[in-house]
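So the structure is just underneath, and the comments pick up after that.
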Amino acid sequence: MLKKPVVFAACLLIAGAAAAQQGAVEVTDAWARATPGKAENGAAYLTIASPTPDRLTGLSTPAATAAELHMMTMEEIVAGGVMRMRQLAGIDLPAGQKVALKPGGAHIMLVGLKQPLRPGQSFPMTLYFEKAGPREVTVIVEKAGAMDRDSHAGPQMLMPMPAGR
Ligand SMILES: [Cu+2]
């Protein structure tokens, strides 16, 4: 299925066929976790569906110094130990499939928050797509323990990753 050995892609949730309208990248359920105290970093999540193959190559937001694409690996989640993340250069978007950035997998790291994220707040974020260009979305801040933007969403699923690295 995957032609390139992109390890991170195995961790992305493919949430079934998308109903995206022709020619438009859809970004939905953009949310961020509220941050405790004066935490310097935060995490944001969203779901992307592109009707044509594309690639998310970068992000920016006035809420933080930088917004980076990060991935946590399977071992780290199972071990429940120290949170280690590595930065991704981008995320491939297969045509017509939803790609979800969710807790425990790929996420957007908000590095250097200008101010703490409080529940109920929102802030703009711009996603840069290789083909579709920039797209601005509004990110809603959910409470600190939130696992999902929507309470009706199903349980978190983790796909096994190829061993070795
Ligand atoms: Cu991160």
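Order determines the names: the first chain of the structure tokens is A, the second B, and so forth; residues in each chain are numbered 1 upward, and ligands are numbered 1 upward as they are shown.
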
Within 12 Å of ligand 1, counting only C-alpha atoms and all ligand atoms, residues as a tab-separated table (two decimals) with all heavy atoms, in the first residue's frame:
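The resulting file, pocket-v1.tsv, is shown below:
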```tsv
chain	number	residue	atom	x	y	z
A	41	ASN	N	4.93	24.69	25.90
A	41	ASN	CA	4.51	24.01	24.68
A	41	ASN	C	3.11	23.42	24.83
A	41	ASN	O	2.68	23.09	25.93
A	41	ASN	CB	5.48	22.87	24.34
A	41	ASN	CG	6.90	23.39	24.13
A	41	ASN	OD1	7.10	24.52	23.71
A	41	ASN	ND2	7.87	22.56	24.44
A	42	GLY	N	2.44	23.30	23.71
A	42	GLY	CA	1.13	22.69	23.69
A	42	GLY	C	1.01	21.76	22.49
A	42	GLY	O	1.94	21.65	21.69
A	43	ALA	N	-0.13	21.07	22.40
A	43	ALA	CA	-0.34	20.16	21.28
A	43	ALA	C	-1.70	20.42	20.66
A	43	ALA	O	-2.68	20.71	21.35
A	43	ALA	CB	-0.25	18.72	21.74
A	44	ALA	N	-1.74	20.33	19.34
A	44	ALA	CA	-2.99	20.52	18.62
A	44	ALA	C	-3.22	19.33	17.69
A	44	ALA	O	-2.27	18.65	17.29
A	44	ALA	CB	-2.96	21.82	17.82
A	45	TYR	N	-4.49	19.10	17.39
A	45	TYR	CA	-4.87	17.93	16.60
A	45	TYR	C	-5.93	18.35	15.59
A	45	TYR	O	-6.68	19.30	15.82
A	45	TYR	CB	-5.43	16.83	17.50
A	45	TYR	CG	-4.55	16.53	18.69
A	45	TYR	CD1	-4.75	17.17	19.91
A	45	TYR	CD2	-3.49	15.62	18.57
A	45	TYR	CE1	-3.93	16.91	20.99
A	45	TYR	CE2	-2.66	15.37	19.65
A	45	TYR	CZ	-2.89	16.01	20.86
A	45	TYR	OH	-2.07	15.75	21.93
A	66	ALA	N	6.43	28.57	17.08
A	66	ALA	CA	6.48	27.64	15.96
A	66	ALA	C	5.42	26.57	16.14
A	66	ALA	O	5.01	26.26	17.26
A	66	ALA	CB	7.86	26.98	15.87
A	67	ALA	N	4.96	26.03	15.04
A	67	ALA	CA	4.04	24.89	15.05
A	67	ALA	C	4.69	23.80	14.22
A	67	ALA	O	4.92	23.98	13.04
A	67	ALA	CB	2.68	25.28	14.49
A	68	GLU	N	5.03	22.68	14.90
A	68	GLU	CA	5.78	21.61	14.23
A	68	GLU	C	4.94	20.34	14.16
A	68	GLU	O	4.12	20.06	15.03
A	68	GLU	CB	7.06	21.31	15.02
A	68	GLU	CG	7.98	22.50	15.16
A	68	GLU	CD	9.19	22.18	16.04
A	68	GLU	OE1	9.18	21.12	16.68
A	68	GLU	OE2	10.12	23.00	16.06
A	69	LEU	N	5.20	19.56	13.13
A	69	LEU	CA	4.59	18.24	13.03
A	69	LEU	C	5.44	17.25	13.81
A	69	LEU	O	6.64	17.14	13.58
A	69	LEU	CB	4.49	17.80	11.57
A	69	LEU	CG	3.44	18.53	10.73
A	69	LEU	CD1	3.65	18.21	9.25
A	69	LEU	CD2	2.05	18.12	11.16
A	70	HIS	N	4.83	16.54	14.74
A	70	HIS	CA	5.55	15.59	15.57
A	70	HIS	C	4.91	14.22	15.51
A	70	HIS	O	3.74	14.09	15.20
A	70	HIS	CB	5.54	16.04	17.04
A	70	HIS	CG	6.57	17.07	17.35
A	70	HIS	ND1	6.96	17.36	18.64
A	70	HIS	CD2	7.31	17.88	16.55
A	70	HIS	CE1	7.88	18.32	18.61
A	70	HIS	NE2	8.10	18.65	17.37
A	71	MET	N	5.69	13.22	15.87
A	71	MET	CA	5.16	11.85	15.96
A	71	MET	C	5.69	11.20	17.22
A	71	MET	O	6.86	11.33	17.57
A	71	MET	CB	5.61	11.05	14.73
A	71	MET	CG	5.31	9.57	14.79
A	71	MET	SD	3.57	9.23	15.10
A	71	MET	CE	2.91	9.32	13.44
A	72	MET	N	4.79	10.51	17.91
A	72	MET	CA	5.22	9.65	19.01
A	72	MET	C	5.22	8.22	18.50
A	72	MET	O	4.39	7.84	17.70
A	72	MET	CB	4.27	9.78	20.20
A	72	MET	CG	4.63	10.93	21.10
A	72	MET	SD	3.66	10.92	22.62
A	72	MET	CE	2.24	11.85	22.07
A	73	THR	N	6.14	7.42	18.99
A	73	THR	CA	6.22	6.07	18.47
A	73	THR	C	5.50	5.09	19.39
A	73	THR	O	5.25	5.36	20.55
A	73	THR	CB	7.68	5.61	18.31
A	73	THR	OG1	8.27	5.55	19.61
A	73	THR	CG2	8.46	6.57	17.43
A	83	MET	N	7.92	10.95	27.40
A	83	MET	CA	7.35	11.29	26.12
A	83	MET	C	8.45	11.75	25.19
A	83	MET	O	9.06	12.79	25.42
A	83	MET	CB	6.29	12.37	26.29
A	83	MET	CG	5.44	12.56	25.06
A	83	MET	SD	3.97	13.56	25.41
A	83	MET	CE	4.71	15.14	25.81
A	84	ARG	N	8.72	10.93	24.20
A	84	ARG	CA	9.70	11.33	23.20
A	84	ARG	C	9.00	11.53	21.89
A	84	ARG	O	8.14	10.74	21.50
A	84	ARG	CB	10.80	10.28	23.06
A	84	ARG	CG	11.91	10.43	24.10
A	84	ARG	CD	13.09	9.57	23.74
A	84	ARG	NE	12.69	8.17	23.63
A	84	ARG	CZ	13.04	7.37	22.63
A	84	ARG	NH1	13.78	7.82	21.67
A	84	ARG	NH2	12.65	6.11	22.62
A	85	MET	N	9.35	12.56	21.21
A	85	MET	CA	8.70	12.85	19.95
A	85	MET	C	9.77	13.24	18.96
A	85	MET	O	10.81	13.74	19.31
A	85	MET	CB	7.74	14.02	20.12
A	85	MET	CG	6.74	13.80	21.22
A	85	MET	SD	5.74	15.25	21.53
A	85	MET	CE	6.91	16.34	22.29
A	86	ARG	N	9.47	12.96	17.71
A	86	ARG	CA	10.41	13.45	16.70
A	86	ARG	C	9.63	14.25	15.67
A	86	ARG	O	8.44	14.04	15.45
A	86	ARG	CB	11.17	12.30	16.05
A	86	ARG	CG	10.31	11.32	15.32
A	86	ARG	CD	11.03	9.99	15.19
A	86	ARG	NE	10.13	9.00	14.60
A	86	ARG	CZ	9.95	8.88	13.30
A	86	ARG	NH1	10.59	9.65	12.46
A	86	ARG	NH2	9.11	7.98	12.82
A	87	GLN	N	10.33	15.15	15.07
A	87	GLN	CA	9.68	16.05	14.13
A	87	GLN	C	9.56	15.38	12.76
A	87	GLN	O	10.46	14.67	12.32
A	87	GLN	CB	10.49	17.34	14.03
A	87	GLN	CG	9.74	18.44	13.28
A	87	GLN	CD	10.44	19.79	13.39
A	87	GLN	OE1	11.46	19.91	14.07
A	87	GLN	NE2	9.90	20.78	12.73
A	88	LEU	N	8.44	15.63	12.11
A	88	LEU	CA	8.22	15.13	10.76
A	88	LEU	C	8.38	16.27	9.78
A	88	LEU	O	8.01	17.41	10.07
A	88	LEU	CB	6.80	14.55	10.63
A	88	LEU	CG	6.38	13.48	11.63
A	88	LEU	CD1	4.91	13.12	11.41
A	88	LEU	CD2	7.26	12.25	11.50
A	101	LEU	N	-4.80	13.53	12.99
A	101	LEU	CA	-3.75	13.77	13.99
A	101	LEU	C	-4.43	13.72	15.35
A	101	LEU	O	-5.30	14.54	15.63
A	101	LEU	CB	-3.07	15.12	13.76
A	101	LEU	CG	-2.02	15.18	12.66
A	101	LEU	CD1	-2.59	14.85	11.30
A	101	LEU	CD2	-1.37	16.55	12.62
A	102	LYS	N	-4.04	12.72	16.16
A	102	LYS	CA	-4.74	12.49	17.42
A	102	LYS	C	-3.74	12.26	18.54
A	102	LYS	O	-2.59	11.91	18.28
A	102	LYS	CB	-5.65	11.25	17.29
A	102	LYS	CG	-6.64	11.32	16.15
A	102	LYS	CD	-7.61	10.18	16.19
A	102	LYS	CE	-8.73	10.47	17.17
A	102	LYS	NZ	-9.88	9.56	16.99
A	103	PRO	N	-4.22	12.39	19.78
A	103	PRO	CA	-3.32	12.10	20.91
A	103	PRO	C	-2.73	10.70	20.79
A	103	PRO	O	-3.43	9.75	20.45
A	103	PRO	CB	-4.25	12.20	22.12
A	103	PRO	CG	-5.30	13.16	21.69
A	103	PRO	CD	-5.51	12.88	20.21
A	104	GLY	N	-1.44	10.57	21.02
A	104	GLY	CA	-0.77	9.28	20.95
A	104	GLY	C	-0.13	9.01	19.60
A	104	GLY	O	0.55	8.01	19.44
A	105	GLY	N	-0.36	9.86	18.65
A	105	GLY	CA	0.21	9.64	17.33
A	105	GLY	C	0.80	10.92	16.79
A	105	GLY	O	1.51	11.63	17.50
A	106	ALA	N	0.50	11.18	15.54
A	106	ALA	CA	0.98	12.42	14.96
A	106	ALA	C	0.22	13.59	15.58
A	106	ALA	O	-0.97	13.49	15.86
A	106	ALA	CB	0.78	12.40	13.45
A	107	HIS	N	0.93	14.66	15.82
A	107	HIS	CA	0.28	15.83	16.40
A	107	HIS	C	1.03	17.09	15.98
A	107	HIS	O	2.11	17.02	15.41
A	107	HIS	CB	0.24	15.72	17.92
A	107	HIS	CG	1.59	15.52	18.53
A	107	HIS	ND1	2.17	14.29	18.63
A	107	HIS	CD2	2.47	16.40	19.04
A	107	HIS	CE1	3.36	14.41	19.20
A	107	HIS	NE2	3.57	15.69	19.46
A	108	ILE	N	0.40	18.19	16.26
A	108	ILE	CA	1.03	19.48	15.99
A	108	ILE	C	1.55	20.02	17.31
A	108	ILE	O	0.81	20.17	18.27
A	108	ILE	CB	0.01	20.46	15.38
A	108	ILE	CG1	-0.49	19.93	14.03
A	108	ILE	CG2	0.64	21.85	15.23
A	108	ILE	CD1	-1.81	20.49	13.61
A	109	MET	N	2.87	20.23	17.35
A	109	MET	CA	3.47	20.76	18.57
A	109	MET	C	3.52	22.27	18.48
A	109	MET	O	4.07	22.82	17.53
A	109	MET	CB	4.89	20.20	18.70
A	109	MET	CG	5.42	20.21	20.10
A	109	MET	SD	4.78	18.76	20.94
A	109	MET	CE	4.69	19.42	22.60
A	110	LEU	N	2.89	22.89	19.46
A	110	LEU	CA	2.93	24.35	19.54
A	110	LEU	C	4.11	24.72	20.43
A	110	LEU	O	4.05	24.55	21.64
A	110	LEU	CB	1.62	24.89	20.11
A	110	LEU	CG	0.36	24.44	19.35
A	110	LEU	CD1	-0.89	24.80	20.12
A	110	LEU	CD2	0.33	25.04	17.95
A	111	VAL	N	5.17	25.16	19.81
A	111	VAL	CA	6.42	25.42	20.53
A	111	VAL	C	6.52	26.89	20.88
A	111	VAL	O	6.44	27.76	20.00
A	111	VAL	CB	7.63	24.99	19.68
A	111	VAL	CG1	8.93	25.23	20.43
A	111	VAL	CG2	7.50	23.53	19.27
```

- prompt: Could you pull the residues within 10 Å of range 50-57 of chain A, counting only C-alpha atoms, minus those fewer than 4 positions along the same chain, as a ChimeraX atom specification?
  reply: /A:18-27,68-69,88-99,127-134

Restrict the selected residues to C-alpha atoms and save them as a PDB file, in the first residue's frame.
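Final output, saved to selection06.pdb:
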```pdb
ATOM      1  CA  ALA A  18     -13.797  10.760   2.861  1.00  0.00           C
ATOM      2  CA  ALA A  19     -16.725  12.594   1.454  1.00  0.00           C
ATOM      3  CA  ALA A  20     -14.699  15.669   0.622  1.00  0.00           C
ATOM      4  CA  GLN A  21     -16.066  17.753  -2.143  1.00  0.00           C
ATOM      5  CA  GLN A  22     -14.096  17.908  -5.312  1.00  0.00           C
ATOM      6  CA  GLY A  23     -10.974  19.978  -5.348  1.00  0.00           C
ATOM      7  CA  ALA A  24     -10.944  21.155  -1.762  1.00  0.00           C
ATOM      8  CA  VAL A  25      -8.831  20.054   1.145  1.00  0.00           C
ATOM      9  CA  GLU A  26     -11.042  19.658   4.193  1.00  0.00           C
ATOM     10  CA  VAL A  27      -9.657  20.342   7.641  1.00  0.00           C
ATOM     11  CA  GLU A  68       5.776  21.608  14.231  1.00  0.00           C
ATOM     12  CA  LEU A  69       4.587  18.238  13.030  1.00  0.00           C
ATOM     13  CA  LEU A  88       8.218  15.128  10.764  1.00  0.00           C
ATOM     14  CA  ALA A  89       9.056  16.969   7.578  1.00  0.00           C
ATOM     15  CA  GLY A  90       5.501  16.516   6.391  1.00  0.00           C
ATOM     16  CA  ILE A  91       2.507  14.217   6.266  1.00  0.00           C
ATOM     17  CA  ASP A  92       1.359  12.556   3.078  1.00  0.00           C
ATOM     18  CA  LEU A  93      -2.334  12.812   2.340  1.00  0.00           C
ATOM     19  CA  PRO A  94      -3.668   9.961   0.199  1.00  0.00           C
ATOM     20  CA  ALA A  95      -6.524  10.921  -2.090  1.00  0.00           C
ATOM     21  CA  GLY A  96      -9.944  10.646  -0.520  1.00  0.00           C
ATOM     22  CA  GLN A  97      -8.816   9.401   2.877  1.00  0.00           C
ATOM     23  CA  LYS A  98      -9.114  11.072   6.217  1.00  0.00           C
ATOM     24  CA  VAL A  99      -5.837  11.523   8.013  1.00  0.00           C
ATOM     25  CA  LEU A 127      -1.717  24.783   7.286  1.00  0.00           C
ATOM     26  CA  TYR A 128       0.520  24.726   4.241  1.00  0.00           C
ATOM     27  CA  PHE A 129      -0.222  22.099   1.635  1.00  0.00           C
ATOM     28  CA  GLU A 130       2.144  21.222  -1.154  1.00  0.00           C
ATOM     29  CA  LYS A 131      -0.544  21.516  -3.804  1.00  0.00           C
ATOM     30  CA  ALA A 132      -3.558  23.134  -2.158  1.00  0.00           C
ATOM     31  CA  GLY A 133      -1.505  25.974  -0.679  1.00  0.00           C
ATOM     32  CA  PRO A 134      -2.215  27.647   2.659  1.00  0.00           C
TER      33      PRO A 134
END
```

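Here CA of Gly120 in chain A and CA of Ala63 in chain A stand 14.6 Å from one another.
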
Members of range 12-148 of chain A assigned strand (DSSP E or B) by DSSP, as an MDAnalysis selection string: chainID A and resid 13:17 26:33 41:50 54:60 64:72 85:87 91:93 95 97:101 106:113 122:129 133:142

Interatomic distance, CA of Ala49 in chain A to CA of Ala100 in chain A (Å, one decimal): 8.7 Å

task: Give me the residues within 6 Å of range 141-145 of chain A as number ranges by chain, counting only C-alpha atoms and dropping any in the same chain fewer than 4 places off.
output: A: 31-34, 119-122

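Residues with any atom within 9 Å of Ala30 in chain A, counting only C-alpha atoms and excluding same-chain neighbours fewer than 4 positions away, are Ala44, Tyr45, Leu46, Thr47, Val137, Thr138, Val139, Ile140, Val141 and Arg149 of chain A.
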